[in-house]
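Structure first, then comments.
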Amino acid sequence: MNHIDLRSDTVTKPTDEMREAMARAEVGDDVFEEDPTVNRLQELAAAMLGKEAAMFTPTGTMGNQICIRLHTQPGQEVILEERSHIFNMEMSAMAVVSGTLARPVRGEDGVLDWRFIEPAIRKGNPHVADTGLITVENTLNLAGGVVMRIEAMEDICQRGHALGLPVHLDGARIFNAVTALKRDVSEIARPFDSVMFCLSKGLGAPVGSMIAGPREFIKRGRKIRRMLGGGMRQAGVLAAAGIVALEKMTSRIAEDHSNAQLLAKGLAQVPGIKLDPERVATNILVFEVDGPIDAKDLQARLKERGVLAIALDSRQMRMVTHKDVSRADCERALSAVQEAMK
Ligand SMILES: *Cc1c(COP(=O)(O)O)cnc(C)c1O
């Protein structure tokens, strides 16, 4: 049976156009910076984000970790939201790769602003480690794909910079933020010292992420990427799909958001499920299962009915819409939830 896979937008498969572009891609050795397709992708990403340079990385985790390593010194702290991917899902890499300690803070409904960051900043106190970096995640995955407003991001960057602190954006789903905020991606990227975003999630590319920032920063980043084992050779076959992702796939994200709304409105009506559809702003739904069964039971019962979703713990469940689930699939998923919760 063909499952309706709402576990993540990472499950999206490359489009026919991507596969054709991959087959045709001109390639070279990218460690020598001689892969024309990788170079084209990097120039395209830098231009779209309004940054001097960009670099292709095998994963978003590697992209984030390269940026953390470049911005910090061992022994420093990195401020981040306690539900952030960097804190929860990157295998404590900032401790291993950069010798830094995470200083998690909690934003309101997953949204950080300066009020929450400011008390965590440590600078010049001889008794405690200094803050070296602030990171922001937009959209914030584990908080339900919530979106941070442009003004809040600008405020954090401005105040951070005034204290000499760089600010990095984990924009794995930056184009979901673009779609929700109805702003250009360069406006979101502008205040940040560095940005990471994924090609391999809602944009549908099979592999890869990008980091963007000042030319000198990206140049140093190439060495860290190589140190981490991410110096790839004829990576143009992957970059070709990334170019299609950036040129063709960003405008259809709105469809995923509208499907997420359909799911949210339906789920909110199901007894035992707690979800405020108003809080679903992008393609991710995180809701509470508080009924006769818990989130893990619901995950198992949905699987029997051909629907895949992830229980984050025994109470919380996550569903993610993407290009490979249609509106009809979402309606079927909703019926499956209604049955499973009986
Ligand atoms: C997916 C994701 C990443 C990177 O994930 P990889 O699987 O390493 O590509 C980083 N941050 C967020 C918020 C993500 O959702």
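FYI, nothing fancy with the structure tokens labels: chains A, B, ... in order, residues from 1 per chain, ligands from 1 as they appear.
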
Around ligand 1, which protein and nucleic acid residues have at least one atom no more than 10 Å from it, if we count only C-alpha atoms and all ligand atoms? List them as a VMD selection string. chain A and resid 8 to 10 57 to 65 83 to 90 136 to 142 145 169 to 174 196 to 201 207 to 210

Go ahead and save the picked residues with N, CA and C atoms, as a tab-separated table (two decimals), in the first residue's frame.
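Contents of part_19.tsv, freshly written:
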```tsv
chain	number	residue	atom	x	y	z
A	8	SER	N	7.65	13.95	7.57
A	8	SER	CA	8.53	15.11	7.37
A	8	SER	C	8.53	15.51	5.91
A	9	ASP	N	8.92	16.75	5.64
A	9	ASP	CA	9.08	17.17	4.24
A	9	ASP	C	10.42	16.69	3.68
A	10	THR	N	11.22	16.02	4.51
A	10	THR	CA	12.47	15.43	3.99
A	10	THR	C	12.19	14.21	3.11
A	57	THR	N	26.41	22.31	0.99
A	57	THR	CA	26.84	21.35	2.00
A	57	THR	C	25.97	20.08	1.88
A	58	PRO	N	26.51	18.93	2.26
A	58	PRO	CA	25.73	17.69	2.13
A	58	PRO	C	24.45	17.72	2.97
A	59	THR	N	24.50	18.35	4.15
A	59	THR	CA	23.33	18.38	5.02
A	59	THR	C	23.21	19.74	5.71
A	60	GLY	N	22.02	19.99	6.25
A	60	GLY	CA	21.80	21.21	7.00
A	60	GLY	C	22.56	21.21	8.30
A	61	THR	N	22.67	20.03	8.89
A	61	THR	CA	23.42	19.91	10.14
A	61	THR	C	24.87	20.34	9.92
A	62	MET	N	25.48	19.87	8.83
A	62	MET	CA	26.86	20.28	8.57
A	62	MET	C	26.94	21.79	8.31
A	63	GLY	N	25.96	22.32	7.59
A	63	GLY	CA	25.94	23.77	7.33
A	63	GLY	C	25.88	24.56	8.63
A	64	ASN	N	24.96	24.20	9.51
A	64	ASN	CA	24.86	24.89	10.80
A	64	ASN	C	26.17	24.79	11.57
A	65	GLN	N	26.74	23.59	11.59
A	65	GLN	CA	27.93	23.37	12.42
A	65	GLN	C	29.16	24.09	11.86
A	83	ARG	N	13.84	24.46	21.85
A	83	ARG	CA	13.28	23.46	20.95
A	83	ARG	C	14.02	23.42	19.61
A	84	SER	N	15.13	24.15	19.50
A	84	SER	CA	15.78	24.28	18.19
A	84	SER	C	16.45	22.97	17.75
A	85	HIS	N	16.54	22.83	16.44
A	85	HIS	CA	17.18	21.67	15.82
A	85	HIS	C	18.64	21.56	16.25
A	86	ILE	N	19.34	22.70	16.27
A	86	ILE	CA	20.77	22.68	16.64
A	86	ILE	C	20.95	22.11	18.04
A	87	PHE	N	20.03	22.42	18.93
A	87	PHE	CA	20.14	21.95	20.31
A	87	PHE	C	19.70	20.50	20.46
A	88	ASN	N	18.66	20.11	19.73
A	88	ASN	CA	18.04	18.80	19.97
A	88	ASN	C	18.43	17.70	19.00
A	89	MET	N	18.80	18.06	17.78
A	89	MET	CA	18.86	17.02	16.76
A	89	MET	C	20.19	16.98	16.00
A	90	GLU	N	21.20	17.64	16.53
A	90	GLU	CA	22.47	17.64	15.80
A	90	GLU	C	23.57	16.94	16.60
A	136	VAL	N	19.13	31.58	15.66
A	136	VAL	CA	17.69	31.74	15.56
A	136	VAL	C	17.21	30.70	14.55
A	137	GLU	N	16.06	30.07	14.81
A	137	GLU	CA	15.52	29.09	13.84
A	137	GLU	C	14.17	29.59	13.32
A	138	ASN	N	14.08	29.75	12.01
A	138	ASN	CA	12.84	30.24	11.40
A	138	ASN	C	12.65	29.53	10.07
A	139	THR	N	11.58	28.71	9.98
A	139	THR	CA	10.55	28.44	10.96
A	139	THR	C	11.05	27.44	12.02
A	140	LEU	N	10.47	27.51	13.20
A	140	LEU	CA	10.93	26.64	14.28
A	140	LEU	C	10.16	25.31	14.24
A	141	ASN	N	10.86	24.30	13.78
A	141	ASN	CA	10.32	22.97	13.52
A	141	ASN	C	9.55	22.38	14.72
A	142	LEU	N	10.25	22.14	15.82
A	142	LEU	CA	9.64	21.39	16.93
A	142	LEU	C	8.58	22.17	17.70
A	145	GLY	N	6.43	24.62	13.45
A	145	GLY	CA	6.65	25.43	12.24
A	145	GLY	C	6.29	26.89	12.43
A	169	LEU	N	21.25	32.33	11.32
A	169	LEU	CA	19.89	31.86	11.10
A	169	LEU	C	19.90	30.41	10.61
A	170	ASP	N	19.28	29.52	11.40
A	170	ASP	CA	18.97	28.18	10.91
A	170	ASP	C	17.65	28.32	10.17
A	171	GLY	N	17.79	28.55	8.87
A	171	GLY	CA	16.60	28.73	8.03
A	171	GLY	C	16.36	27.50	7.18
A	172	ALA	N	16.45	26.34	7.81
A	172	ALA	CA	16.20	25.08	7.09
A	172	ALA	C	14.97	25.23	6.20
A	173	ARG	N	13.91	25.85	6.76
A	173	ARG	CA	12.67	26.06	6.01
A	173	ARG	C	12.44	27.55	5.75
A	174	ILE	N	13.47	28.23	5.30
A	174	ILE	CA	13.37	29.68	5.11
A	174	ILE	C	12.29	30.02	4.08
A	196	MET	N	21.71	29.33	7.02
A	196	MET	CA	21.69	27.98	6.44
A	196	MET	C	20.26	27.71	5.99
A	197	PHE	N	20.10	27.14	4.81
A	197	PHE	CA	18.75	26.64	4.44
A	197	PHE	C	18.89	25.32	3.69
A	198	CYS	N	17.80	24.53	3.69
A	198	CYS	CA	17.82	23.19	3.10
A	198	CYS	C	17.16	23.17	1.73
A	199	LEU	N	17.79	22.48	0.81
A	199	LEU	CA	17.19	22.22	-0.50
A	199	LEU	C	16.38	20.93	-0.46
A	200	SER	N	16.68	20.10	0.55
A	200	SER	CA	16.20	18.72	0.56
A	200	SER	C	14.91	18.52	1.35
A	201	LYS	N	14.28	19.63	1.77
A	201	LYS	CA	13.00	19.47	2.50
A	201	LYS	C	11.86	19.83	1.56
A	207	VAL	N	19.21	15.85	-2.02
A	207	VAL	CA	20.30	16.01	-1.05
A	207	VAL	C	20.76	17.47	-1.04
A	208	GLY	N	21.09	17.97	0.13
A	208	GLY	CA	21.87	19.20	0.16
A	208	GLY	C	21.24	20.39	0.84
A	209	SER	N	22.12	21.22	1.36
A	209	SER	CA	21.75	22.48	2.00
A	209	SER	C	22.75	23.54	1.56
A	210	MET	N	22.46	24.78	1.90
A	210	MET	CA	23.35	25.89	1.54
A	210	MET	C	23.65	26.71	2.79
```

Region 47-243 of chain A: which residues are strand (DSSP E or B) by DSSP, as a ChimeraX atom specification? /A:53-57,77-81,101-105,108,111,131-137,140,146,167-170,194-198,209-213

Would you give me, as a VMD selection string, the residues in region 166-207 of chain A that DSSP reads as helix (DSSP H, G or I)? chain A and resid 174 to 181 185 to 189

Can you list, as a count of residues only, every protein, DNA or RNA residue that comes within 10 Å of Ala300 (chain A) when you count only C-alpha atoms, leaving out same-chain residues fewer than 3 positions away? 12

Write out as a ChimeraX atom specification the residues lying within 12 Å of Asp155 (chain A), counting only C-alpha atoms and excluding same-chain residues fewer than 3 positions away. /A:112-115,117-118,136,148-152,158-162,167,191-192

Could you list, as a ChimeraX atom specification, every residue within 12 Å of Glu187 (chain A), counting only C-alpha atoms and ignoring same-chain residues fewer than 3 positions away? /A:48-51,149-151,153-154,174-175,177-178,181-184,190-192

Taking only C-alpha atoms into account, name the residue in A:Ser314, A:Asn283, A:Thr135, A:Thr179 that is nearest to Asp193 (chain A). A:Thr135

For Val286 (chain A), which of A:Asp256, A:Glu82, A:Asp329, A:Asp109 is the closest residue, counting only C-alpha atoms?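 Between A:Asp256, A:Glu82, A:Asp329, A:Asp109, the residue approaching Val286 (chain A) most closely is A:Asp109.
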
Using only C-alpha atoms, which protein or nucleic acid residues come within 12 Å of Lys219 (chain A)? Drop anything in the same chain fewer than 2 positions from it, and give the result as a PyMOL selection string. chain A and resi 31+33+52-55+66-67+70+211-217+221-226

Find the residues near region 239-250 of chain A: any atom within 6 Å, counting only C-alpha atoms, skip ones fewer than 6 places away on the same chain, and give them as a list in words. Met18, Ala21, Met22, Val38, Leu41, Leu199, Leu203 and Ala205 of chain A

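Coordinates place CA of Ala336 (chain A) at a distance of 17.0 Å from CA of Asp290 (chain A).
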
Can I get the residues of region 155-273 of chain A within 9 Å of region 127-132 of chain A, each with the closest pair of atoms and their distance in Å to one decimal, using only C-alpha atoms, sorted chain first then ascending number, as CSV?
```
residue,atom,partner,partner_atom,distance
A:Gly164,CA,A:Gly132,CA,8.9
A:Leu165,CA,A:Gly132,CA,6.3
A:Pro166,CA,A:Gly132,CA,7.5
```

Rank A:His257, A:Arg233, A:Arg279, A:Arg315 by their smallest atom-to-atom distance to Arg327 (chain A), using only C-alpha atoms, and report the top residue only.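 Closest to Arg327 (chain A) of all the choices is A:His257.
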
Hey, can you check how far CA of Cys157 (chain A) sits from CA of Ile134 (chain A)?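 That distance, rounded to one decimal, is 8.7 Å.
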
Which of these, A:Arg318, A:Arg301, A:His71, A:Lys13, has the shortest distance to Glu288 (chain A) once you count only C-alpha atoms?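 Distance minimum relative to Glu288 (chain A) lands on A:Arg318.
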
In Å, rounded to a single decimal, give me how far CA of Leu285 (chain A) is from CA of Leu133 (chain A).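 Taking CA of Leu133 (chain A) and CA of Leu285 (chain A), their separation equals 29.2 Å.
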
Using only C-alpha atoms for the distances, tell me which of A:Gln299, A:Gln316, A:Asn39, A:Ser251 is nearest to Asp5 (chain A).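 Residue with the minimum atom-to-atom distance to Asp5 (chain A): A:Gln299.
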